[in-house]
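Trainee: Shown below is the structure under consideration.
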Amino acid sequence: MDRADHVFAYGATAGLLADALLADPRRGHPVALFGRAASAVERRLFHDHRGWGALHTALCAGGATAVAALAARAVRPHPRAAVALTAATTWAVVGGTSLVREARLIGAALEAGDVAGARRLLPRLCGRDPEALDADALARAVVESVAENTSDAVVGALVWGAVAGVPGLAGFRAVNTLDAMVGHKSPRLRRFGWASARLDDAVGYPGARLTAALAVLAGPDPRGALRAWRADAHRHPSPNAGPVEAAFAGALGVRLGGTLAYGGRTEHRPVLGTAGRAVRPGDVERAARLSRRVGALALVAGAGARLAAGAIRGRARRATTGQGGAGA
């Protein structure tokens, strides 16, 4: 079995445990540092043009991936250092613990009847306008954010880590961060952020489908999750958020989607999980627990797939070597 397969399995497991124990650092987070660097590049390159936006995406995402690839190459001869680098990168790019912590803080405020407090906390989790939201609408926003960010902040990174190791982890997080920064459809960024948004759709595709599949397996209502995924996912304007939110809706037996407000503009989205009931504050904790289970299963799937692929390659090499020896 290839040593690199063991490196990813051990390193990703250690990194996810570090996230569970330490969460994200309050200061000096590598993703925040990347964001500041990307903002500096944006200030220099910005033109209301897709080509300049594509250059911004290539420089920022490509640069982060290249730095990670050079670091991985440097430690490749040293297994312990390679595991440590994989662990540190995994810890830096996943955000499952912070996601669940923020969601639970809002859920606790809602359970206590502190709607004003929940409104103050919501911008730490998502970009919606909270002032017009009542308790149930706030709970719905939290559940939708937990669902989508389980894919973006945990599963997607693990998928690309399993595929490409440390460069895959770093590259995925760079693309996802750029999409959050410039990929939204504001008048200023509609053209400049187009490349980041489309690239994020592409790299997020496998992680979103795995997240939805794991929500079916790990949720309290597998049939409901699968039914909602099949029936409703295509209605969502995002090709990746649709499957994830629909599967979470079906698994939890709730309805997601509907009217929401972002940055002063109102969107009317189709309902996901039409057979479910309206979201209630208590559903925030249920969504948080489902997110945790999905993240753990994603680690098992990613590490297991990497180890299995290594074993298959090893058997193929031994078979080829044996045939060559017999022929000689």
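Residue numbers start at 1 in each chain; chains themselves are named A, B, ... in the order of the structure tokens; ligands are numbered from 1 in the order shown.
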Excluding same-chain residues fewer than 6 positions from Glu42 in chain A, what lies within 12 Å of it counting only C-alpha atoms, as number ranges by chain?
Mentor: A: 35-36, 48, 52-60, 178, 181-182, 189, 192-193
Trainee: Which residues are close to range 118-130 of chain A, i.e. within 10 Å by only C-alpha atoms, leaving aside same-chain residues fewer than 4 positions away? Reply as a PyMOL selection string.
Mentor: chain A and resi 98-103+105-114+134-135+137-139+141-142+144-146+149+180+260-266
Trainee: Any chance you could export the current selection's C-alpha atoms as a CSV table (one decimal), in the first residue's frame?
Mentor:
```csv
chain,number,residue,atom,x,y,z
A,98,SER,CA,-17.2,26.4,14.7
A,99,LEU,CA,-20.2,25.8,12.4
A,100,VAL,CA,-22.0,23.7,15.0
A,101,ARG,CA,-21.0,26.0,17.8
A,102,GLU,CA,-22.4,29.1,16.2
A,103,ALA,CA,-25.6,27.2,15.2
A,105,LEU,CA,-25.6,29.5,20.2
A,106,ILE,CA,-28.4,30.8,18.0
A,107,GLY,CA,-30.5,27.7,18.8
A,108,ALA,CA,-30.0,28.2,22.5
A,109,ALA,CA,-31.1,31.9,22.2
A,110,LEU,CA,-34.2,30.9,20.3
A,111,GLU,CA,-35.1,28.2,22.8
A,112,ALA,CA,-34.8,30.8,25.6
A,113,GLY,CA,-37.1,33.1,23.7
A,114,ASP,CA,-34.3,35.6,23.0
A,134,ASP,CA,-39.1,35.7,13.6
A,135,ALA,CA,-38.0,32.7,15.7
A,137,ALA,CA,-37.5,31.9,10.2
A,138,LEU,CA,-34.3,32.3,12.1
A,139,ALA,CA,-34.3,28.6,12.9
A,141,ALA,CA,-31.9,30.1,8.2
A,142,VAL,CA,-29.7,28.3,10.7
A,144,GLU,CA,-30.1,25.8,5.9
A,145,SER,CA,-26.7,27.2,6.7
A,146,VAL,CA,-25.7,24.2,8.7
A,149,ASN,CA,-21.8,24.5,5.2
A,180,ALA,CA,-17.7,33.7,-0.5
A,260,LEU,CA,-35.3,35.1,2.2
A,261,ALA,CA,-33.4,38.3,2.1
A,262,TYR,CA,-29.7,38.8,1.3
A,263,GLY,CA,-27.9,42.2,1.3
A,264,GLY,CA,-31.1,44.2,0.9
A,265,ARG,CA,-32.5,42.0,-1.9
A,266,THR,CA,-35.4,39.5,-1.5
```
Trainee: Within 9 Å of range 17-25 of chain A, counting only C-alpha atoms, which residues show up once you throw out same-chain ones fewer than 3 positions away? Write them as a list of chain:residue names, please.
Mentor: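 Surrounding residues, per the criterion: A:Ala12, A:Thr13, A:Ala14, A:Gly28, A:His29, A:Ala87, A:Ala88, A:Thr90, A:Trp91, A:Ala92, A:Val94, A:Gly95, A:Gly96, A:Thr97, A:Ser98, A:Arg101.
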Trainee: Kindly give the distance, in Å, that separates CA of Pro206 in chain A and CA of Thr259 in chain A, rounded to a single decimal.
Mentor: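 If I compute the distance from CA of Pro206 in chain A to CA of Thr259 in chain A, I get 27.6 Å.
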Trainee: What is the CA of Ala303 in chain A-CA of Ala4 in chain A distance in Å, reported with one decimal?
Mentor: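 Going from CA of Ala303 in chain A over to CA of Ala4 in chain A, I get 11.2 Å.
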Trainee: Please give the complete set of residues from range 226-287 of chain A that DSSP, run on the backbone, assigns to alpha helix (DSSP H), formatted as a PDB file with N, CA and C atoms, in the first residue's frame.
Mentor:
```pdb
ATOM      1  N   LEU A 226     -33.994  10.744   1.041  1.00  0.00           N
ATOM      2  CA  LEU A 226     -33.806  10.353  -0.355  1.00  0.00           C
ATOM      3  C   LEU A 226     -34.940  10.890  -1.222  1.00  0.00           C
ATOM      4  N   ARG A 227     -36.157  10.841  -0.703  1.00  0.00           N
ATOM      5  CA  ARG A 227     -37.303  11.332  -1.466  1.00  0.00           C
ATOM      6  C   ARG A 227     -37.188  12.840  -1.735  1.00  0.00           C
ATOM      7  N   ALA A 228     -36.824  13.596  -0.713  1.00  0.00           N
ATOM      8  CA  ALA A 228     -36.690  15.048  -0.884  1.00  0.00           C
ATOM      9  C   ALA A 228     -35.539  15.381  -1.826  1.00  0.00           C
ATOM     10  N   TRP A 229     -34.442  14.661  -1.716  1.00  0.00           N
ATOM     11  CA  TRP A 229     -33.297  14.879  -2.599  1.00  0.00           C
ATOM     12  C   TRP A 229     -33.723  14.689  -4.055  1.00  0.00           C
ATOM     13  N   ARG A 230     -34.401  13.599  -4.328  1.00  0.00           N
ATOM     14  CA  ARG A 230     -34.803  13.310  -5.706  1.00  0.00           C
ATOM     15  C   ARG A 230     -35.839  14.301  -6.228  1.00  0.00           C
ATOM     16  N   ALA A 231     -36.774  14.669  -5.363  1.00  0.00           N
ATOM     17  CA  ALA A 231     -37.910  15.478  -5.819  1.00  0.00           C
ATOM     18  C   ALA A 231     -37.607  16.967  -5.870  1.00  0.00           C
ATOM     19  N   ASP A 232     -36.773  17.460  -4.955  1.00  0.00           N
ATOM     20  CA  ASP A 232     -36.697  18.904  -4.758  1.00  0.00           C
ATOM     21  C   ASP A 232     -35.337  19.535  -5.037  1.00  0.00           C
ATOM     22  N   ALA A 241     -25.947  23.434  -3.319  1.00  0.00           N
ATOM     23  CA  ALA A 241     -26.745  23.602  -2.108  1.00  0.00           C
ATOM     24  C   ALA A 241     -28.062  22.844  -2.208  1.00  0.00           C
ATOM     25  N   GLY A 242     -28.599  22.696  -3.414  1.00  0.00           N
ATOM     26  CA  GLY A 242     -29.877  22.029  -3.596  1.00  0.00           C
ATOM     27  C   GLY A 242     -29.901  20.618  -3.042  1.00  0.00           C
ATOM     28  N   PRO A 243     -29.001  19.719  -3.487  1.00  0.00           N
ATOM     29  CA  PRO A 243     -29.015  18.351  -2.955  1.00  0.00           C
ATOM     30  C   PRO A 243     -28.798  18.292  -1.442  1.00  0.00           C
ATOM     31  N   VAL A 244     -27.904  19.121  -0.940  1.00  0.00           N
ATOM     32  CA  VAL A 244     -27.588  19.074   0.487  1.00  0.00           C
ATOM     33  C   VAL A 244     -28.777  19.538   1.324  1.00  0.00           C
ATOM     34  N   GLU A 245     -29.330  20.695   0.993  1.00  0.00           N
ATOM     35  CA  GLU A 245     -30.441  21.219   1.780  1.00  0.00           C
ATOM     36  C   GLU A 245     -31.678  20.334   1.647  1.00  0.00           C
ATOM     37  N   ALA A 246     -31.930  19.801   0.458  1.00  0.00           N
ATOM     38  CA  ALA A 246     -33.075  18.918   0.288  1.00  0.00           C
ATOM     39  C   ALA A 246     -32.918  17.646   1.115  1.00  0.00           C
ATOM     40  N   ALA A 247     -31.717  17.065   1.103  1.00  0.00           N
ATOM     41  CA  ALA A 247     -31.492  15.844   1.884  1.00  0.00           C
ATOM     42  C   ALA A 247     -31.620  16.113   3.377  1.00  0.00           C
ATOM     43  N   PHE A 248     -31.082  17.225   3.851  1.00  0.00           N
ATOM     44  CA  PHE A 248     -31.230  17.580   5.268  1.00  0.00           C
ATOM     45  C   PHE A 248     -32.705  17.805   5.600  1.00  0.00           C
ATOM     46  N   ALA A 249     -33.431  18.491   4.721  1.00  0.00           N
ATOM     47  CA  ALA A 249     -34.846  18.747   4.970  1.00  0.00           C
ATOM     48  C   ALA A 249     -35.603  17.433   5.122  1.00  0.00           C
ATOM     49  N   GLY A 250     -35.399  16.511   4.183  1.00  0.00           N
ATOM     50  CA  GLY A 250     -36.083  15.232   4.260  1.00  0.00           C
ATOM     51  C   GLY A 250     -35.668  14.410   5.463  1.00  0.00           C
ATOM     52  N   ALA A 251     -34.369  14.435   5.778  1.00  0.00           N
ATOM     53  CA  ALA A 251     -33.887  13.665   6.921  1.00  0.00           C
ATOM     54  C   ALA A 251     -34.475  14.162   8.230  1.00  0.00           C
ATOM     55  N   LEU A 252     -34.643  15.472   8.348  1.00  0.00           N
ATOM     56  CA  LEU A 252     -35.158  16.067   9.582  1.00  0.00           C
ATOM     57  C   LEU A 252     -36.673  16.216   9.570  1.00  0.00           C
ATOM     58  N   ASP A 283     -35.173  22.307  16.067  1.00  0.00           N
ATOM     59  CA  ASP A 283     -34.564  21.607  14.940  1.00  0.00           C
ATOM     60  C   ASP A 283     -33.111  22.017  14.714  1.00  0.00           C
ATOM     61  N   VAL A 284     -32.698  23.141  15.280  1.00  0.00           N
ATOM     62  CA  VAL A 284     -31.306  23.566  15.123  1.00  0.00           C
ATOM     63  C   VAL A 284     -30.374  22.515  15.728  1.00  0.00           C
ATOM     64  N   GLU A 285     -30.670  22.033  16.913  1.00  0.00           N
ATOM     65  CA  GLU A 285     -29.832  21.016  17.544  1.00  0.00           C
ATOM     66  C   GLU A 285     -29.852  19.722  16.742  1.00  0.00           C
ATOM     67  N   ARG A 286     -30.988  19.350  16.199  1.00  0.00           N
ATOM     68  CA  ARG A 286     -31.067  18.146  15.379  1.00  0.00           C
ATOM     69  C   ARG A 286     -30.200  18.276  14.133  1.00  0.00           C
ATOM     70  N   ALA A 287     -30.212  19.456  13.515  1.00  0.00           N
ATOM     71  CA  ALA A 287     -29.368  19.683  12.337  1.00  0.00           C
ATOM     72  C   ALA A 287     -27.894  19.646  12.714  1.00  0.00           C
TER      73      ALA A 287
END
```
Trainee: Hey, what's within 8 Å of Thr274 in chain A if we count only C-alpha atoms and toss same-chain stuff fewer than 2 positions away? As a PyMOL selection string, please?
Mentor: chain A and resi 228+254-255+271-272+276-277
Trainee: What would the file look like if the residues just selected were written as a PDB file, in the first residue's frame with C-alpha atoms?
Mentor:
```
ATOM      1  CA  ALA A 228     -36.690  15.048  -0.884  1.00  0.00           C
ATOM      2  CA  VAL A 254     -38.871  19.845   7.824  1.00  0.00           C
ATOM      3  CA  ARG A 255     -39.448  22.330   5.020  1.00  0.00           C
ATOM      4  CA  VAL A 271     -39.629  24.822  -0.928  1.00  0.00           C
ATOM      5  CA  LEU A 272     -37.408  21.796  -0.237  1.00  0.00           C
ATOM      6  CA  GLY A 276     -42.207  18.150   6.073  1.00  0.00           C
ATOM      7  CA  ARG A 277     -43.359  20.664   8.662  1.00  0.00           C
TER       8      ARG A 277
END
```
Trainee: Select, from A:Gly51, A:Pro167, A:Gly310, A:Gly156, the residue with the minimum atom-to-atom distance to Gly295 in chain A, counting only C-alpha atoms.
Mentor: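 Checking each of A:Gly51, A:Pro167, A:Gly310, A:Gly156 against Gly295 in chain A, counting only C-alpha atoms, the winner is A:Gly156.
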Trainee: Compile the contact shell of Ala64 in chain A as a VMD selection string: residues with an atom at most 12 Å away, counting only C-alpha atoms, same-chain residues fewer than 2 positions apart removed.
Mentor: chain A and resid 30 to 31 33 to 35 37 to 38 57 to 62 66 to 71 89 166 to 175 177 to 178
Trainee: Would you export the selected residues with N, CA, C and O atoms as a short mmCIF file (atom, residue, chain, number, x, y, z; two decimals), in the first residue's frame, please?
Mentor:
```cif
data_model
loop_
_atom_site.label_atom_id
_atom_site.label_comp_id
_atom_site.auth_asym_id
_atom_site.auth_seq_id
_atom_site.Cartn_x
_atom_site.Cartn_y
_atom_site.Cartn_z
N PRO A 30 -5.35 30.66 9.14
CA PRO A 30 -4.78 30.66 7.79
C PRO A 30 -5.77 31.07 6.71
O PRO A 30 -5.39 31.72 5.73
N VAL A 31 -7.04 30.67 6.85
CA VAL A 31 -8.03 31.05 5.85
C VAL A 31 -8.26 32.56 5.86
O VAL A 31 -8.43 33.19 4.81
N LEU A 33 -6.01 34.78 6.72
CA LEU A 33 -4.82 35.35 6.10
C LEU A 33 -4.91 35.26 4.57
O LEU A 33 -4.55 36.20 3.86
N PHE A 34 -5.38 34.12 4.08
CA PHE A 34 -5.59 33.98 2.64
C PHE A 34 -6.60 35.01 2.14
O PHE A 34 -6.42 35.62 1.08
N GLY A 35 -7.67 35.20 2.91
CA GLY A 35 -8.69 36.16 2.51
C GLY A 35 -8.15 37.57 2.40
O GLY A 35 -8.49 38.31 1.46
N ALA A 37 -5.02 38.37 1.75
CA ALA A 37 -4.16 38.40 0.56
C ALA A 37 -5.01 38.48 -0.71
O ALA A 37 -4.69 39.25 -1.64
N ALA A 38 -6.11 37.71 -0.76
CA ALA A 38 -6.98 37.75 -1.94
C ALA A 38 -7.63 39.11 -2.10
O ALA A 38 -7.81 39.59 -3.23
N THR A 57 -8.98 34.78 -9.78
CA THR A 57 -9.22 33.43 -9.29
C THR A 57 -8.01 32.54 -9.51
O THR A 57 -7.60 31.78 -8.62
N ALA A 58 -7.43 32.62 -10.71
CA ALA A 58 -6.28 31.77 -11.02
C ALA A 58 -5.09 32.09 -10.13
O ALA A 58 -4.41 31.19 -9.63
N LEU A 59 -4.83 33.38 -9.92
CA LEU A 59 -3.69 33.76 -9.09
C LEU A 59 -3.88 33.33 -7.64
O LEU A 59 -2.96 32.77 -7.02
N CYS A 60 -5.07 33.56 -7.10
CA CYS A 60 -5.29 33.29 -5.68
C CYS A 60 -5.44 31.79 -5.40
O CYS A 60 -4.73 31.23 -4.55
N ALA A 61 -6.34 31.14 -6.12
CA ALA A 61 -6.55 29.71 -5.89
C ALA A 61 -5.33 28.91 -6.36
O ALA A 61 -4.89 27.98 -5.68
N GLY A 62 -4.79 29.29 -7.52
CA GLY A 62 -3.61 28.58 -8.01
C GLY A 62 -2.40 28.78 -7.11
O GLY A 62 -1.62 27.85 -6.88
N ALA A 66 -0.45 25.83 -5.20
CA ALA A 66 0.98 25.63 -5.50
C ALA A 66 1.82 25.64 -4.23
O ALA A 66 2.73 24.81 -4.07
N VAL A 67 1.54 26.57 -3.32
CA VAL A 67 2.28 26.61 -2.06
C VAL A 67 2.07 25.31 -1.28
O VAL A 67 3.02 24.73 -0.73
N ALA A 68 0.83 24.83 -1.25
CA ALA A 68 0.55 23.58 -0.55
C ALA A 68 1.26 22.41 -1.21
O ALA A 68 1.78 21.51 -0.52
N ALA A 69 1.31 22.40 -2.54
CA ALA A 69 1.99 21.32 -3.25
C ALA A 69 3.49 21.33 -2.97
O ALA A 69 4.10 20.26 -2.78
N LEU A 70 4.09 22.51 -2.92
CA LEU A 70 5.52 22.59 -2.60
C LEU A 70 5.80 22.11 -1.18
O LEU A 70 6.79 21.41 -0.93
N ALA A 71 4.93 22.50 -0.25
CA ALA A 71 5.11 22.05 1.14
C ALA A 71 4.97 20.54 1.24
O ALA A 71 5.75 19.87 1.94
N THR A 89 -3.11 21.04 7.91
CA THR A 89 -3.89 21.60 6.80
C THR A 89 -5.36 21.23 6.95
O THR A 89 -6.25 22.07 6.72
N VAL A 166 -2.70 17.27 0.52
CA VAL A 166 -2.62 18.63 1.04
C VAL A 166 -2.97 19.67 -0.04
O VAL A 166 -3.72 20.62 0.25
N PRO A 167 -2.49 19.56 -1.27
CA PRO A 167 -2.91 20.54 -2.28
C PRO A 167 -4.42 20.52 -2.52
O PRO A 167 -5.02 21.58 -2.76
N GLY A 168 -5.03 19.36 -2.46
CA GLY A 168 -6.48 19.29 -2.63
C GLY A 168 -7.21 19.98 -1.50
O GLY A 168 -8.20 20.70 -1.74
N LEU A 169 -6.76 19.77 -0.27
CA LEU A 169 -7.37 20.44 0.88
C LEU A 169 -7.27 21.96 0.74
O LEU A 169 -8.26 22.68 0.88
N ALA A 170 -6.07 22.44 0.48
CA ALA A 170 -5.84 23.88 0.41
C ALA A 170 -6.54 24.50 -0.79
O ALA A 170 -7.12 25.59 -0.70
N GLY A 171 -6.49 23.81 -1.93
CA GLY A 171 -7.11 24.35 -3.13
C GLY A 171 -8.62 24.47 -2.99
O GLY A 171 -9.21 25.48 -3.39
N PHE A 172 -9.24 23.45 -2.40
CA PHE A 172 -10.69 23.52 -2.21
C PHE A 172 -11.06 24.69 -1.31
O PHE A 172 -11.99 25.44 -1.61
N ARG A 173 -10.35 24.85 -0.20
CA ARG A 173 -10.70 25.94 0.71
C ARG A 173 -10.46 27.29 0.06
O ARG A 173 -11.23 28.24 0.26
N ALA A 174 -9.40 27.42 -0.75
CA ALA A 174 -9.14 28.68 -1.43
C ALA A 174 -10.28 29.03 -2.38
O ALA A 174 -10.77 30.17 -2.41
N VAL A 175 -10.72 28.06 -3.18
CA VAL A 175 -11.82 28.31 -4.12
C VAL A 175 -13.10 28.67 -3.38
O VAL A 175 -13.81 29.62 -3.75
N THR A 177 -13.42 29.97 -0.43
CA THR A 177 -13.28 31.28 0.19
C THR A 177 -13.44 32.39 -0.85
O THR A 177 -14.10 33.41 -0.59
N LEU A 178 -12.85 32.22 -2.01
CA LEU A 178 -13.01 33.21 -3.07
C LEU A 178 -14.47 33.36 -3.47
O LEU A 178 -14.94 34.48 -3.72
#
```
Trainee: Expressed in Å to a single decimal, how great is the separation between CA of Ala218 in chain A and CA of Arg306 in chain A?
Mentor: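 Computing it gives 21.5 Å between the two atoms.
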Trainee: Could you pull out the residues in range 113-281 of chain A that DSSP calls strand (DSSP E or B) from the backbone, as a list of chain:residue names?
Mentor: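 Answer for range 113-281 of chain A, restricted to strand (DSSP E or B): A:Arg128, A:Val254, A:Leu256, A:Gly257, A:Gly258, A:Thr259, A:Leu260, A:Ala261, A:Tyr262, A:Arg265, A:Thr266, A:Glu267, A:His268, A:Arg269, A:Pro270, A:Val271, A:Leu272, A:Arg277.
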Trainee: Export all heavy atoms of the chosen residues as a CSV table (one decimal), in the first residue's frame?
Mentor:
```
chain,number,residue,atom,x,y,z
A,128,ARG,N,-27.6,36.5,5.7
A,128,ARG,CA,-29.0,36.9,5.6
A,128,ARG,C,-29.3,38.2,6.4
A,128,ARG,O,-28.6,38.4,7.5
A,128,ARG,CB,-30.0,35.8,6.0
A,128,ARG,CG,-29.8,34.6,5.1
A,128,ARG,CD,-30.9,33.7,5.1
A,128,ARG,NE,-30.6,32.5,4.4
A,128,ARG,CZ,-31.3,31.4,4.5
A,128,ARG,NH1,-32.5,31.4,5.1
A,128,ARG,NH2,-31.0,30.3,3.8
A,254,VAL,N,-38.5,18.4,7.8
A,254,VAL,CA,-38.9,19.8,7.8
A,254,VAL,C,-38.9,20.4,6.4
A,254,VAL,O,-38.4,19.8,5.5
A,254,VAL,CB,-37.9,20.7,8.7
A,254,VAL,CG1,-37.9,20.2,10.1
A,254,VAL,CG2,-36.5,20.7,8.1
A,256,LEU,N,-37.6,23.5,4.0
A,256,LEU,CA,-36.6,24.5,3.9
A,256,LEU,C,-36.9,25.3,2.6
A,256,LEU,O,-37.7,24.9,1.8
A,256,LEU,CB,-35.2,24.0,3.8
A,256,LEU,CG,-34.7,23.1,5.1
A,256,LEU,CD1,-33.3,22.6,4.9
A,256,LEU,CD2,-34.8,24.0,6.3
A,257,GLY,N,-36.2,26.4,2.4
A,257,GLY,CA,-36.4,27.3,1.3
A,257,GLY,C,-37.5,28.3,1.6
A,257,GLY,O,-37.9,28.5,2.7
A,258,GLY,N,-38.0,28.9,0.5
A,258,GLY,CA,-39.1,29.9,0.7
A,258,GLY,C,-38.4,31.3,0.5
A,258,GLY,O,-37.3,31.5,0.0
A,259,THR,N,-39.1,32.3,1.1
A,259,THR,CA,-38.6,33.7,1.0
A,259,THR,C,-37.5,34.0,1.9
A,259,THR,O,-37.5,33.6,3.1
A,259,THR,CB,-39.8,34.7,1.3
A,259,THR,OG1,-40.8,34.4,0.4
A,259,THR,CG2,-39.3,36.1,1.1
A,260,LEU,N,-36.4,34.6,1.4
A,260,LEU,CA,-35.3,35.1,2.2
A,260,LEU,C,-34.7,36.3,1.7
A,260,LEU,O,-35.0,36.7,0.5
A,260,LEU,CB,-34.2,34.0,2.3
A,260,LEU,CG,-33.8,33.3,1.0
A,260,LEU,CD1,-32.7,34.1,0.4
A,260,LEU,CD2,-33.3,31.9,1.2
A,261,ALA,N,-33.9,37.0,2.5
A,261,ALA,CA,-33.4,38.3,2.1
A,261,ALA,C,-31.8,38.3,2.3
A,261,ALA,O,-31.3,37.8,3.3
A,261,ALA,CB,-34.0,39.4,2.9
A,262,TYR,N,-31.1,38.7,1.3
A,262,TYR,CA,-29.7,38.8,1.3
A,262,TYR,C,-29.3,40.2,0.9
A,262,TYR,O,-29.6,40.7,-0.2
A,262,TYR,CB,-29.0,37.9,0.3
A,262,TYR,CG,-28.9,36.4,0.8
A,262,TYR,CD1,-29.8,35.5,0.2
A,262,TYR,CD2,-28.0,36.0,1.7
A,262,TYR,CE1,-29.7,34.1,0.6
A,262,TYR,CE2,-27.9,34.7,2.0
A,262,TYR,CZ,-28.7,33.8,1.5
A,262,TYR,OH,-28.7,32.4,1.9
A,265,ARG,N,-31.7,42.5,-0.8
A,265,ARG,CA,-32.5,42.0,-1.9
A,265,ARG,C,-33.3,40.7,-1.4
A,265,ARG,O,-32.8,40.0,-0.6
A,265,ARG,CB,-31.7,41.6,-3.2
A,265,ARG,CG,-30.8,40.4,-3.0
A,265,ARG,CD,-30.0,40.2,-4.3
A,265,ARG,NE,-29.3,38.9,-4.3
A,265,ARG,CZ,-28.2,38.7,-3.7
A,265,ARG,NH1,-27.5,39.6,-3.0
A,265,ARG,NH2,-27.6,37.5,-3.7
A,266,THR,N,-34.5,40.6,-1.9
A,266,THR,CA,-35.4,39.5,-1.5
A,266,THR,C,-35.4,38.4,-2.6
A,266,THR,O,-35.4,38.7,-3.8
A,266,THR,CB,-36.8,40.0,-1.3
A,266,THR,OG1,-36.8,41.0,-0.2
A,266,THR,CG2,-37.7,38.8,-0.8
A,267,GLU,N,-35.3,37.1,-2.2
A,267,GLU,CA,-35.3,36.0,-3.1
A,267,GLU,C,-36.5,35.1,-2.6
A,267,GLU,O,-36.7,34.9,-1.5
A,267,GLU,CB,-34.0,35.2,-3.1
A,267,GLU,CG,-32.8,36.0,-3.6
A,267,GLU,CD,-31.6,35.1,-3.7
A,267,GLU,OE1,-31.7,33.8,-3.6
A,267,GLU,OE2,-30.5,35.6,-3.8
A,268,HIS,N,-37.2,34.6,-3.6
A,268,HIS,CA,-38.3,33.6,-3.3
A,268,HIS,C,-37.8,32.3,-3.9
A,268,HIS,O,-37.9,32.0,-5.1
A,268,HIS,CB,-39.6,34.1,-4.0
A,268,HIS,CG,-40.0,35.4,-3.5
A,268,HIS,ND1,-40.6,35.6,-2.3
A,268,HIS,CD2,-39.9,36.7,-4.1
A,268,HIS,CE1,-40.9,36.9,-2.1
A,268,HIS,NE2,-40.5,37.6,-3.2
A,269,ARG,N,-37.4,31.4,-3.0
A,269,ARG,CA,-36.9,30.1,-3.5
A,269,ARG,C,-37.9,29.0,-3.3
A,269,ARG,O,-38.7,29.1,-2.4
A,269,ARG,CB,-35.6,29.7,-2.6
A,269,ARG,CG,-34.4,30.6,-2.9
A,269,ARG,CD,-33.2,30.2,-2.2
A,269,ARG,NE,-32.1,31.1,-2.5
A,269,ARG,CZ,-30.9,30.9,-2.0
A,269,ARG,NH1,-30.7,30.0,-1.0
A,269,ARG,NH2,-29.9,31.7,-2.3
A,270,PRO,N,-37.9,28.0,-4.1
A,270,PRO,CA,-38.8,26.9,-4.0
A,270,PRO,C,-38.6,26.2,-2.6
A,270,PRO,O,-37.5,26.2,-2.0
A,270,PRO,CB,-38.4,26.0,-5.2
A,270,PRO,CG,-37.7,26.8,-6.1
A,270,PRO,CD,-37.0,27.8,-5.3
A,271,VAL,N,-39.7,25.5,-2.2
A,271,VAL,CA,-39.6,24.8,-0.9
A,271,VAL,C,-39.0,23.5,-1.1
A,271,VAL,O,-39.2,22.8,-2.1
A,271,VAL,CB,-41.1,24.6,-0.4
A,271,VAL,CG1,-41.0,23.7,0.9
A,271,VAL,CG2,-41.7,26.0,0.0
A,272,LEU,N,-38.1,23.1,-0.2
A,272,LEU,CA,-37.4,21.8,-0.2
A,272,LEU,C,-38.0,21.0,0.9
A,272,LEU,O,-38.1,21.5,2.0
A,272,LEU,CB,-35.9,22.0,-0.1
A,272,LEU,CG,-35.2,23.0,-1.0
A,272,LEU,CD1,-33.7,23.1,-0.7
A,272,LEU,CD2,-35.4,22.5,-2.5
A,277,ARG,N,-42.7,19.6,7.9
A,277,ARG,CA,-43.4,20.7,8.7
A,277,ARG,C,-42.4,21.9,8.7
A,277,ARG,O,-41.3,21.8,8.2
A,277,ARG,CB,-43.7,20.2,10.1
A,277,ARG,CG,-42.4,19.7,10.8
A,277,ARG,CD,-42.7,19.6,12.3
A,277,ARG,NE,-41.5,18.9,13.0
A,277,ARG,CZ,-40.4,19.6,13.3
A,277,ARG,NH1,-40.3,20.9,13.0
A,277,ARG,NH2,-39.4,18.9,13.9
```
Trainee: Smallest atom-to-atom distance to Thr65 in chain A: which of A:Ala213, A:Gly161, A:Arg44, A:Gly15, using only C-alpha atoms?
Mentor: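 Using only C-alpha atoms, the shortest distance to Thr65 in chain A belongs to A:Gly161.
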Trainee: Considering only C-alpha atoms, state which residue in the set A:Val143, A:Leu158, A:Leu297, A:Ala132 is at the smallest distance from Leu214 in chain A.
Mentor: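 Of A:Val143, A:Leu158, A:Leu297, A:Ala132, the one nearest Leu214 in chain A is A:Leu297, counting only C-alpha atoms.
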Trainee: Give me the range 127-209 of chain A side of the contact with range 235-239 of chain A, cut-off 9 Å, one line per residue showing its nearest atom pair and distance in Å at one decimal, counting only C-alpha atoms, sorted by chain and residue number, as a tab-separated table.
Mentor:
```
residue	atom	partner	partner_atom	distance
A:Asp201	CA	A:Pro239	CA	7.0
A:Tyr205	CA	A:Pro239	CA	7.7
A:Ala208	CA	A:Pro239	CA	8.8
```
